>>> print(open('target.json').read())   # JSON, C-alpha atoms
[["chain", "number", "residue", "atom", "x", "y", "z"],
["O", 1, "MET", "CA", 13.38, 5.84, 24.65],
["O", 2, "LEU", "CA", 12.20, 3.09, 22.35],
["O", 3, "SER", "CA", 9.15, 1.04, 23.20],
["O", 4, "PRO", "CA", 9.62, -2.75, 23.63],
["O", 5, "LEU", "CA", 10.23, -4.63, 20.39],
["O", 6, "PRO", "CA", 7.88, -7.30, 19.03],
["O", 7, "ALA", "CA", 8.41, -10.84, 20.31],
["O", 8, "SER", "CA", 9.51, -12.13, 16.89],
["O", 9, "VAL", "CA", 11.47, -9.59, 14.85],
["O", 10, "VAL", "CA", 11.84, -9.77, 11.09],
["O", 11, "SER", "CA", 12.96, -6.58, 9.38],
["O", 12, "ARG", "CA", 14.63, -5.34, 6.24],
["O", 13, "LEU", "CA", 17.01, -2.84, 4.74],
["O", 14, "ALA", "CA", 15.16, -1.41, 1.73],
["O", 15, "PRO", "CA", 17.37, 0.95, -0.32],
["O", 16, "THR", "CA", 16.66, 2.14, -3.84],
["O", 17, "PRO", "CA", 19.50, 2.16, -6.42],
["O", 18, "SER", "CA", 18.61, 5.64, -7.65],
["O", 19, "GLY", "CA", 21.56, 7.49, -6.17],
["O", 20, "PHE", "CA", 24.57, 7.07, -3.88],
["O", 21, "LEU", "CA", 23.50, 6.32, -0.31],
["O", 22, "HIS", "CA", 23.82, 9.32, 2.01],
["O", 23, "LEU", "CA", 24.29, 9.71, 5.77],
["O", 24, "GLY", "CA", 20.56, 9.35, 6.45],
["O", 25, "ASN", "CA", 20.46, 6.01, 4.65],
["O", 26, "ALA", "CA", 23.49, 4.76, 6.58],
["O", 27, "VAL", "CA", 21.97, 5.83, 9.90],
["O", 28, "ASN", "CA", 18.71, 4.05, 9.09],
["O", 29, "PHE", "CA", 20.55, 0.88, 8.10],
["O", 30, "THR", "CA", 22.60, 0.87, 11.30],
["O", 31, "LEU", "CA", 19.57, 1.56, 13.51],
["O", 32, "THR", "CA", 17.64, -1.26, 11.88],
["O", 33, "TRP", "CA", 20.58, -3.65, 12.16],
["O", 34, "LEU", "CA", 21.12, -2.85, 15.85],
["O", 35, "LEU", "CA", 17.46, -3.36, 16.78],
["O", 36, "VAL", "CA", 17.18, -6.63, 14.88],
["O", 37, "ARG", "CA", 20.41, -8.06, 16.25],
["O", 38, "GLN", "CA", 19.58, -6.96, 19.80],
["O", 39, "ALA", "CA", 16.28, -8.83, 19.50],
["O", 40, "GLY", "CA", 17.88, -11.91, 17.95],
["O", 41, "GLY", "CA", 15.76, -11.37, 14.85],
["O", 42, "THR", "CA", 16.07, -11.86, 11.10],
["O", 43, "LEU", "CA", 17.22, -9.20, 8.63],
["O", 44, "HIS", "CA", 16.56, -9.11, 4.87],
["O", 45, "LEU", "CA", 18.17, -6.96, 2.21],
["O", 46, "ARG", "CA", 15.29, -5.86, -0.05],
["O", 47, "ILE", "CA", 16.34, -3.53, -2.84],
["O", 48, "ASP", "CA", 13.51, -1.52, -4.43],
["O", 49, "ASP", "CA", 14.27, -1.16, -8.14],
["O", 50, "LEU", "CA", 10.85, -0.58, -9.72],
["O", 51, "ASP", "CA", 11.90, 2.89, -10.87],
["O", 52, "ARG", "CA", 14.09, 1.42, -13.59],
["O", 53, "ALA", "CA", 14.62, 4.77, -15.32],
["O", 54, "ARG", "CA", 16.73, 5.93, -12.36],
["O", 55, "VAL", "CA", 18.57, 2.67, -11.62],
["O", 56, "ARG", "CA", 22.29, 2.81, -12.36],
["O", 57, "PRO", "CA", 24.89, 0.01, -11.94],
["O", 58, "GLN", "CA", 27.09, 2.27, -9.81],
["O", 59, "TYR", "CA", 24.19, 2.99, -7.45],
["O", 60, "LEU", "CA", 23.40, -0.70, -7.09],
["O", 61, "GLU", "CA", 27.05, -1.52, -6.34],
["O", 62, "ASN", "CA", 27.15, 1.35, -3.83],
["O", 63, "ILE", "CA", 24.45, -0.34, -1.73],
["O", 64, "PHE", "CA", 26.57, -3.43, -1.14],
["O", 65, "ARG", "CA", 29.74, -1.42, -0.58],
["O", 66, "THR", "CA", 28.02, 0.85, 1.97],
["O", 67, "ILE", "CA", 26.62, -2.09, 3.94],
["O", 68, "ASP", "CA", 30.08, -3.66, 4.05],
["O", 69, "TRP", "CA", 31.68, -0.31, 5.01],
["O", 70, "LEU", "CA", 29.28, 0.00, 7.94],
["O", 71, "GLY", "CA", 30.18, -3.51, 9.14],
["O", 72, "LEU", "CA", 26.62, -4.76, 8.81],
["O", 73, "ASP", "CA", 25.37, -8.16, 7.75],
["O", 74, "TYR", "CA", 21.99, -9.58, 6.80],
["O", 75, "ASP", "CA", 20.46, -13.03, 6.84],
["O", 76, "PHE", "CA", 18.67, -13.17, 3.49],
["O", 77, "GLY", "CA", 19.07, -11.29, 0.23],
["O", 78, "PRO", "CA", 21.41, -10.82, -2.73],
["O", 79, "THR", "CA", 25.14, -11.22, -2.30],
["O", 80, "GLY", "CA", 25.96, -8.65, -4.96],
["O", 81, "PRO", "CA", 24.65, -6.80, -8.03],
["O", 82, "ASP", "CA", 24.62, -9.84, -10.34],
["O", 83, "ASP", "CA", 22.83, -12.02, -7.79],
["O", 84, "PHE", "CA", 20.32, -9.24, -7.25],
["O", 85, "GLU", "CA", 19.49, -8.80, -10.94],
["O", 86, "GLN", "CA", 19.20, -12.56, -11.53],
["O", 87, "ASN", "CA", 17.25, -13.56, -8.42],
["O", 88, "TYR", "CA", 15.97, -10.67, -6.29],
["O", 89, "SER", "CA", 14.96, -7.76, -8.55],
["O", 90, "GLN", "CA", 11.36, -6.62, -8.11],
["O", 91, "ARG", "CA", 10.92, -7.39, -11.80],
["O", 92, "HIS", "CA", 10.64, -11.05, -10.74],
["O", 93, "TYR", "CA", 7.49, -10.23, -8.75],
["O", 94, "LEU", "CA", 5.57, -8.17, -11.31],
["O", 95, "SER", "CA", 2.82, -10.79, -11.47],
["O", 96, "ASP", "CA", 2.27, -10.46, -7.70],
["O", 97, "TYR", "CA", 1.93, -6.69, -7.97],
["O", 98, "ALA", "CA", -0.36, -6.97, -11.00],
["O", 99, "ALA", "CA", -2.61, -9.37, -9.10],
["O", 100, "GLY", "CA", -2.82, -6.92, -6.21],
["O", 101, "LEU", "CA", -3.71, -4.07, -8.54],
["O", 102, "GLN", "CA", -6.44, -6.11, -10.21],
["O", 103, "VAL", "CA", -7.94, -7.17, -6.89],
["O", 104, "VAL", "CA", -8.07, -3.62, -5.56],
["O", 105, "SER", "CA", -9.56, -2.14, -8.74],
["O", 106, "ALA", "CA", -12.10, -4.97, -9.23],
["O", 107, "ALA", "CA", -13.28, -5.10, -5.63],
["O", 108, "ASN", "CA", -13.35, -1.33, -5.18],
["O", 109, "PRO", "CA", -14.16, 0.23, -8.58],
["O", 110, "ALA", "CA", -15.34, 3.48, -7.01],
["O", 111, "MET", "CA", -12.09, 3.82, -5.07],
["O", 112, "VAL", "CA", -9.59, 3.47, -7.94],
["O", 113, "TYR", "CA", -9.54, 5.97, -10.79],
["O", 114, "ALA", "CA", -7.40, 6.94, -13.75],
["O", 115, "CYS", "CA", -5.23, 10.05, -13.58],
["O", 116, "ARG", "CA", -3.66, 11.63, -16.63],
["O", 117, "CYS", "CA", -2.19, 14.66, -14.88],
["O", 118, "SER", "CA", 1.42, 15.51, -15.64],
["O", 119, "ARG", "CA", 3.84, 16.57, -12.94],
["O", 120, "THR", "CA", 3.58, 20.14, -14.20],
["O", 121, "GLU", "CA", -0.20, 20.06, -13.88],
["O", 122, "LEU", "CA", 0.00, 18.57, -10.41],
["O", 123, "ALA", "CA", 2.46, 21.23, -9.29],
["O", 124, "ARG", "CA", 0.12, 23.91, -10.59],
["O", 125, "THR", "CA", -3.08, 22.56, -8.99],
["O", 126, "SER", "CA", -1.91, 20.79, -5.84],
["O", 127, "LEU", "CA", -1.91, 22.34, -2.38],
["O", 128, "ASP", "CA", 1.20, 21.72, -0.27],
["O", 129, "GLY", "CA", 2.07, 18.78, -2.49],
["O", 130, "ILE", "CA", -1.28, 17.02, -1.91],
["O", 131, "TYR", "CA", -3.11, 15.81, -5.00],
["O", 132, "PRO", "CA", -6.46, 17.67, -5.27],
["O", 133, "GLY", "CA", -8.32, 14.82, -6.97],
["O", 134, "THR", "CA", -9.11, 16.63, -10.22],
["O", 135, "CYS", "CA", -9.36, 13.33, -12.15],
["O", 136, "ARG", "CA", -11.69, 11.56, -9.71],
["O", 137, "ASP", "CA", -14.45, 11.03, -12.28],
["O", 138, "ASN", "CA", -12.18, 9.02, -14.59],
["O", 139, "GLN", "CA", -12.77, 5.28, -14.82],
["O", 140, "VAL", "CA", -9.79, 2.93, -14.78],
["O", 141, "GLU", "CA", -9.03, 1.44, -18.17],
["O", 142, "ASN", "CA", -6.81, -1.60, -17.73],
["O", 143, "ASP", "CA", -5.16, -1.29, -21.14],
["O", 144, "ALA", "CA", -4.80, 2.48, -21.15],
["O", 145, "ALA", "CA", -1.30, 3.82, -21.71],
["O", 146, "GLU", "CA", 0.11, 6.89, -19.97],
["O", 147, "VAL", "CA", -2.51, 6.65, -17.23],
["O", 148, "ALA", "CA", -1.73, 6.33, -13.54],
["O", 149, "TRP", "CA", -4.10, 4.68, -11.07],
["O", 150, "ARG", "CA", -4.90, 6.58, -7.89],
["O", 151, "VAL", "CA", -6.95, 5.58, -4.88],
["O", 152, "ARG", "CA", -9.64, 7.88, -3.59],
["O", 153, "VAL", "CA", -8.77, 8.70, 0.04],
["O", 154, "PRO", "CA", -11.95, 9.58, 1.97],
["O", 155, "GLU", "CA", -12.23, 12.92, 3.70],
["O", 156, "GLU", "CA", -11.13, 12.78, 7.33],
["O", 157, "ALA", "CA", -9.44, 9.39, 6.82],
["O", 158, "LEU", "CA", -7.50, 8.92, 10.05],
["O", 159, "VAL", "CA", -4.82, 6.24, 10.43],
["O", 160, "CYS", "CA", -3.75, 5.47, 14.00],
["O", 161, "PHE", "CA", -0.92, 3.26, 15.24],
["O", 162, "GLU", "CA", 1.61, 2.93, 18.06],
["O", 163, "ASP", "CA", 5.13, 3.95, 17.03],
["O", 164, "LEU", "CA", 8.34, 2.71, 18.65],
["O", 165, "TRP", "CA", 9.81, 6.20, 18.82],
["O", 166, "GLN", "CA", 6.85, 8.56, 18.56],
["O", 167, "GLY", "CA", 4.31, 6.73, 20.72],
["O", 168, "PRO", "CA", 0.64, 7.02, 19.64],
["O", 169, "VAL", "CA", 0.47, 8.46, 16.12],
["O", 170, "GLN", "CA", -2.50, 9.80, 14.19],
["O", 171, "VAL", "CA", -2.15, 10.67, 10.51],
["O", 172, "ALA", "CA", -4.94, 12.50, 8.66],
["O", 173, "LEU", "CA", -4.26, 10.73, 5.37],
["O", 174, "ASP", "CA", -6.48, 12.91, 3.20],
["O", 175, "ARG", "CA", -4.65, 16.04, 4.38],
["O", 176, "GLU", "CA", -1.12, 14.63, 4.65],
["O", 177, "LEU", "CA", -1.00, 12.74, 1.34],
["O", 178, "GLY", "CA", -4.35, 12.77, -0.42],
["O", 179, "ASP", "CA", -5.16, 10.48, -3.34],
["O", 180, "PHE", "CA", -1.97, 8.52, -3.95],
["O", 181, "VAL", "CA", -0.74, 6.49, -6.91],
["O", 182, "ILE", "CA", -0.82, 2.68, -6.85],
["O", 183, "ARG", "CA", 0.08, 2.16, -10.53],
["O", 184, "LYS", "CA", 2.37, 4.49, -12.42],
["O", 185, "LYS", "CA", 1.78, 5.82, -15.91],
["O", 186, "ASP", "CA", 4.23, 3.31, -17.37],
["O", 187, "GLY", "CA", 2.04, 0.48, -16.05],
["O", 188, "TRP", "CA", 4.46, -0.51, -13.29],
["O", 189, "PRO", "CA", 3.23, -0.76, -9.69],
["O", 190, "ALA", "CA", 3.88, 2.23, -7.47],
["O", 191, "TYR", "CA", 5.88, 2.13, -4.24],
["O", 192, "GLN", "CA", 2.99, 2.16, -1.78],
["O", 193, "LEU", "CA", 1.44, -1.04, -3.14],
["O", 194, "ALA", "CA", 4.65, -2.91, -3.98],
["O", 195, "SER", "CA", 6.15, -2.24, -0.55],
["O", 196, "ILE", "CA", 3.18, -3.84, 1.21],
["O", 197, "ILE", "CA", 3.32, -6.96, -0.95],
["O", 198, "ASP", "CA", 7.11, -7.29, -0.55],
["O", 199, "ASP", "CA", 7.04, -6.89, 3.22],
["O", 200, "VAL", "CA", 4.28, -9.47, 3.67],
["O", 201, "ARG", "CA", 6.12, -11.88, 1.37],
["O", 202, "LEU", "CA", 9.22, -11.57, 3.57],
["O", 203, "GLY", "CA", 7.24, -11.90, 6.81],
["O", 204, "VAL", "CA", 8.36, -8.48, 8.05],
["O", 205, "THR", "CA", 7.26, -7.55, 11.59],
["O", 206, "LEU", "CA", 9.38, -4.43, 12.17],
["O", 207, "ILE", "CA", 9.99, -1.45, 9.85],
["O", 208, "VAL", "CA", 12.36, 1.38, 10.81],
["O", 209, "ARG", "CA", 11.87, 4.60, 8.84],
["O", 210, "GLY", "CA", 12.54, 8.32, 9.00],
["O", 211, "LEU", "CA", 9.80, 10.69, 10.17],
["O", 212, "ASP", "CA", 9.35, 11.96, 6.63],
["O", 213, "LEU", "CA", 7.79, 8.61, 5.71],
["O", 214, "LEU", "CA", 4.95, 8.81, 8.24],
["O", 215, "PRO", "CA", 2.44, 9.63, 5.45],
["O", 216, "SER", "CA", 3.68, 6.63, 3.45],
["O", 217, "THR", "CA", 3.25, 4.36, 6.45],
["O", 218, "ALA", "CA", -0.28, 5.65, 6.93],
["O", 219, "ALA", "CA", -1.05, 5.13, 3.23],
["O", 220, "GLN", "CA", 0.22, 1.56, 3.33],
["O", 221, "LEU", "CA", -1.66, 0.66, 6.51],
["O", 222, "TRP", "CA", -4.84, 2.09, 4.98],
["O", 223, "LEU", "CA", -4.35, 0.36, 1.61],
["O", 224, "ALA", "CA", -3.51, -3.02, 3.18],
["O", 225, "GLN", "CA", -7.10, -3.44, 4.36],
["O", 226, "TYR", "CA", -8.19, -3.63, 0.69],
["O", 227, "LEU", "CA", -5.56, -6.22, -0.29],
["O", 228, "PRO", "CA", -6.62, -9.84, 0.43],
["O", 229, "GLY", "CA", -3.87, -11.78, 2.17],
["O", 230, "MET", "CA", -2.11, -8.63, 3.34],
["O", 231, "GLU", "CA", -3.73, -8.51, 6.79],
["O", 232, "ALA", "CA", -0.34, -9.27, 8.40],
["O", 233, "PHE", "CA", 0.95, -5.87, 7.30],
["O", 234, "ARG", "CA", -1.46, -4.14, 9.66],
["O", 235, "ARG", "CA", 0.28, -5.90, 12.57],
["O", 236, "VAL", "CA", 3.77, -4.64, 11.64],
["O", 237, "GLN", "CA", 5.52, -2.55, 14.31],
["O", 238, "PHE", "CA", 6.86, 0.77, 12.97],
["O", 239, "GLY", "CA", 9.58, 2.99, 14.34],
["O", 240, "HIS", "CA", 9.99, 6.47, 12.82],
["O", 241, "HIS", "CA", 13.21, 8.18, 13.86],
["O", 242, "THR", "CA", 14.12, 11.85, 13.48],
["O", 243, "LEU", "CA", 15.79, 12.85, 10.23],
["O", 244, "VAL", "CA", 19.43, 13.54, 9.52],
["O", 245, "SER", "CA", 20.01, 17.00, 8.04],
["O", 246, "GLY", "CA", 22.80, 18.33, 5.87],
["O", 247, "ALA", "CA", 25.03, 21.30, 6.68],
["O", 248, "ASP", "CA", 22.32, 23.63, 5.32],
["O", 249, "GLY", "CA", 19.71, 22.13, 7.62],
["O", 250, "ALA", "CA", 17.79, 20.49, 4.76],
["O", 251, "LYS", "CA", 16.76, 16.84, 4.86],
["O", 252, "LEU", "CA", 19.29, 14.57, 3.17],
["O", 253, "SER", "CA", 18.06, 12.71, 0.09],
["O", 254, "LYS", "CA", 19.60, 11.03, -2.93],
["O", 255, "SER", "CA", 17.60, 13.29, -5.25],
["O", 256, "THR", "CA", 19.21, 16.46, -3.88],
["O", 257, "GLN", "CA", 22.81, 15.29, -4.05],
["O", 258, "ALA", "CA", 25.10, 17.23, -6.32],
["O", 259, "SER", "CA", 26.43, 15.27, -9.29],
["O", 260, "SER", "CA", 29.90, 15.37, -7.78],
["O", 261, "GLN", "CA", 28.82, 13.80, -4.50],
["O", 262, "ARG", "CA", 29.62, 10.12, -4.10],
["O", 263, "GLY", "CA", 27.60, 9.29, -1.03],
["O", 264, "VAL", "CA", 28.33, 8.82, 2.66],
["O", 265, "MET", "CA", 31.45, 6.69, 2.17],
["O", 266, "ALA", "CA", 33.18, 9.51, 0.28],
["O", 267, "GLU", "CA", 32.05, 12.27, 2.64],
["O", 268, "ALA", "CA", 32.03, 10.85, 6.17],
["O", 269, "GLY", "CA", 35.65, 9.73, 6.35],
["O", 270, "GLY", "CA", 34.70, 6.67, 8.37],
["O", 271, "PRO", "CA", 31.64, 4.86, 9.74],
["O", 272, "VAL", "CA", 32.17, 6.37, 13.21],
["O", 273, "VAL", "CA", 30.38, 9.48, 11.89],
["O", 274, "VAL", "CA", 27.32, 7.31, 11.32],
["O", 275, "TYR", "CA", 27.68, 5.61, 14.70],
["O", 276, "ARG", "CA", 27.68, 8.99, 16.47],
["O", 277, "VAL", "CA", 24.36, 9.94, 14.95],
["O", 278, "VAL", "CA", 22.90, 6.54, 15.82],
["O", 279, "ALA", "CA", 24.09, 6.83, 19.43],
["O", 280, "GLN", "CA", 22.43, 10.23, 19.70],
["O", 281, "LEU", "CA", 19.13, 8.93, 18.29],
["O", 282, "LEU", "CA", 19.17, 6.01, 20.72],
["O", 283, "GLY", "CA", 20.13, 8.15, 23.70],
["O", 284, "LEU", "CA", 23.39, 6.26, 24.19],
["O", 285, "PRO", "CA", 26.67, 7.70, 25.56],
["O", 286, "VAL", "CA", 28.98, 9.35, 23.04],
["O", 287, "ALA", "CA", 31.66, 6.78, 23.91],
["O", 288, "ALA", "CA", 29.40, 4.05, 22.53],
["O", 289, "ALA", "CA", 29.96, 5.42, 19.02],
["O", 290, "SER", "CA", 33.58, 4.27, 18.87],
["O", 291, "SER", "CA", 32.59, 1.09, 17.01],
["O", 292, "LEU", "CA", 29.62, -0.97, 15.93],
["O", 293, "ALA", "CA", 30.36, -3.48, 18.68],
["O", 294, "SER", "CA", 30.35, -0.71, 21.29],
["O", 295, "LEU", "CA", 27.00, 0.53, 20.01],
["O", 296, "GLN", "CA", 25.57, -2.98, 20.21],
["O", 297, "ALA", "CA", 26.85, -3.48, 23.74],
["O", 298, "ALA", "CA", 25.58, -0.10, 24.93],
["O", 299, "LEU", "CA", 22.13, -0.71, 23.44],
["O", 300, "GLY", "CA", 21.92, -4.09, 25.15],
["O", 301, "THR", "CA", 22.85, -2.52, 28.48],
["O", 302, "ALA", "CA", 20.30, 0.29, 28.05],
["O", 303, "ARG", "CA", 17.50, -2.10, 27.07],
["O", 304, "ASN", "CA", 18.18, -4.37, 30.05],
["O", 305, "ALA", "CA", 18.52, -1.58, 32.59]]
>>> encode(input="target.json", output="structure tokens")
Amino acid sequence: MLSPLPASVVSRLAPTPSGFLHLGNAVNFTLTWLLVRQAGGTLHLRIDDLDRARVRPQYLENIFRTIDWLGLDYDFGPTGPDDFEQNYSQRHYLSDYAAGLQVVSAANPAMVYACRCSRTELARTSLDGIYPGTCRDNQVENDAAEVAWRVRVPEEALVCFEDLWQGPVQVALDRELGDFVIRKKDGWPAYQLASIIDDVRLGVTLIVRGLDLLPSTAAQLWLAQYLPGMEAFRRVQFGHHTLVSGADGAKLSKSTQASSQRGVMAEAGGPVVVYRVVAQLLGLPVAAASSLASLQAALGTARNA
């Protein structure tokens, strides 16, 4: 059962337009929406489009269509693809991310270092997907091209927090993720840093994620302590739910979809498939999955019982 929600709830849906949204995305959206609405909170639509090489117009449009298909609404955010590009794209906040990068690297020069490793090199030298820190002696050069910036995660770095679903959580960041990227080789900010800045800008107090993102949450909580003005992020309440698997038992992700797949709307047949998974995750009766309204009513009854 979920722990009590924060007194003032502000949350967000944060998809990336890098593929058609799958069942796992839809479940996460619906869970977030239900918790925010049950708490009388505020919901933002925050689309993460920093990975411009993978952004496609059809993927961006699919985000809005999927939200509408699920019957969800949100209080703040773009009304459609054109509004997003003109007013909400992360490209409009590049100066904020750049300022954060400069502050971290200037205040902690021994912590931030340049990494020139290619993906092939990383795959060859990393252990279980964790970066081994082979470039740790490199100094950051602000004008260097094709150089990523990584942060040096101390040995035995332990991040602890109370999770809505999982209870007390401890993540050994050096073993689970290792030295992670805060600026990509193309000079654009990486996800871990940009996500913190975006969430603080929106006043987010609740983030609902899948269990696979526990290391990312730990990385962001750890990094936030080195970002002036980002102290509020360390007070965010997190809820990490179990993952939705495909027919083969593998975790669903946009990157593993076949080219012919068109996302959850094309495969599920109707949003009730999503509602059933949500009801199961929330421990609600199967009958509650008949509609979004039934889910909302059942959650309210369960929370007040």
>>> atom_distance(input="target.json", atom1="CA of Thr242 (chain O)", atom2="CA of Leu211 (chain O)")
5.6 Å
>>> residues_near_point(input="target.json", point="(4.0, 0.2, 12.9)", cutoff="9 Å", atoms="only C-alpha atoms", output="list of chain:residue names")
O:Phe161, O:Glu162, O:Asp163, O:Leu164, O:Thr205, O:Leu206, O:Ile207, O:Val208, O:Thr217, O:Leu221, O:Phe233, O:Arg234, O:Arg235, O:Val236, O:Gln237, O:Phe238, O:Gly239, O:His240
>>> atom_distance(input="target.json", atom1="CA of Ala279 (chain O)", atom2="CA of Phe29 (chain O)")
13.3 Å
>>> residues_near_point(input="target.json", point="(12.1, -7.1, -4.3)", cutoff="6 Å", atoms="only C-alpha atoms", output="CSV table (one decimal) with C-alpha atoms, in the coordinates of the input")
chain,number,residue,atom,x,y,z
O,46,ARG,CA,15.3,-5.9,0.0
O,47,ILE,CA,16.3,-3.5,-2.8
O,48,ASP,CA,13.5,-1.5,-4.4
O,88,TYR,CA,16.0,-10.7,-6.3
O,89,SER,CA,15.0,-7.8,-8.6
O,90,GLN,CA,11.4,-6.6,-8.1
>>> closest_residue(input="target.json", among="O:Thr66, O:Gln280, O:Ser290, O:Ser118", to="Ala266 (chain O)", atoms="only C-alpha atoms")
O:Thr66
>>> closest_residue(input="target.json", among="O:Ala14, O:Ala157, O:Leu50, O:Leu43", to="Pro189 (chain O)", atoms="all atoms listed in the file")
O:Leu50
>>> closest_residue(input="target.json", among="O:Ala107, O:Val159, O:Met265, O:Leu227", to="Phe64 (chain O)", atoms="all atoms listed in the file")
O:Met265
>>> atom_distance(input="target.json", atom1="CA of Arg150 (chain O)", atom2="CA of Gly133 (chain O)")
9.0 Å
>>> decode(input="target.json", residues="region 12-19 of chain O", atoms="all heavy atoms", output="CSV table (one decimal), in the first residue's frame")
chain,number,residue,atom,x,y,z
O,12,ARG,N,4.3,15.8,-12.3
O,12,ARG,CA,4.4,16.0,-13.8
O,12,ARG,C,4.4,14.7,-14.5
O,12,ARG,O,4.8,13.6,-14.0
O,12,ARG,CB,5.7,16.8,-14.1
O,12,ARG,CG,7.0,16.1,-14.2
O,12,ARG,CD,7.5,15.5,-12.9
O,12,ARG,NE,8.9,15.2,-12.9
O,12,ARG,CZ,9.4,14.0,-13.4
O,12,ARG,NH1,8.6,13.1,-13.8
O,12,ARG,NH2,10.7,13.8,-13.3
O,13,LEU,N,3.9,14.8,-15.8
O,13,LEU,CA,4.1,13.7,-16.7
O,13,LEU,C,5.3,14.2,-17.5
O,13,LEU,O,5.4,15.3,-18.0
O,13,LEU,CB,2.9,13.6,-17.6
O,13,LEU,CG,1.5,13.5,-17.0
O,13,LEU,CD1,0.4,13.4,-18.0
O,13,LEU,CD2,1.5,12.3,-16.0
O,14,ALA,N,6.3,13.3,-17.7
O,14,ALA,CA,7.6,13.7,-18.3
O,14,ALA,C,8.0,12.7,-19.4
O,14,ALA,O,9.1,12.1,-19.3
O,14,ALA,CB,8.7,13.8,-17.3
O,15,PRO,N,7.3,12.6,-20.5
O,15,PRO,CA,7.6,11.7,-21.6
O,15,PRO,C,8.8,12.3,-22.5
O,15,PRO,O,9.0,13.5,-22.4
O,15,PRO,CB,6.4,11.6,-22.4
O,15,PRO,CG,5.7,12.9,-22.2
O,15,PRO,CD,6.0,13.3,-20.8
O,16,THR,N,9.4,11.5,-23.2
O,16,THR,CA,10.4,11.9,-24.2
O,16,THR,C,9.8,11.5,-25.6
O,16,THR,O,9.4,10.4,-25.8
O,16,THR,CB,11.7,11.2,-24.0
O,16,THR,OG1,11.6,9.8,-24.0
O,16,THR,CG2,12.3,11.6,-22.6
O,17,PRO,N,9.9,12.4,-26.6
O,17,PRO,CA,9.4,12.1,-27.9
O,17,PRO,C,10.4,11.4,-28.8
O,17,PRO,O,10.8,11.9,-29.9
O,17,PRO,CB,9.1,13.5,-28.5
O,17,PRO,CG,10.1,14.4,-27.8
O,17,PRO,CD,10.3,13.8,-26.4
O,18,SER,N,10.9,10.3,-28.3
O,18,SER,CA,11.9,9.5,-29.0
O,18,SER,C,11.4,8.1,-29.4
O,18,SER,O,12.1,7.3,-29.9
O,18,SER,CB,13.1,9.3,-28.0
O,18,SER,OG,12.7,8.6,-26.8
O,19,GLY,N,10.1,8.0,-29.3
O,19,GLY,CA,9.5,6.7,-29.7
O,19,GLY,C,8.0,6.8,-29.4
O,19,GLY,O,7.5,7.7,-28.7
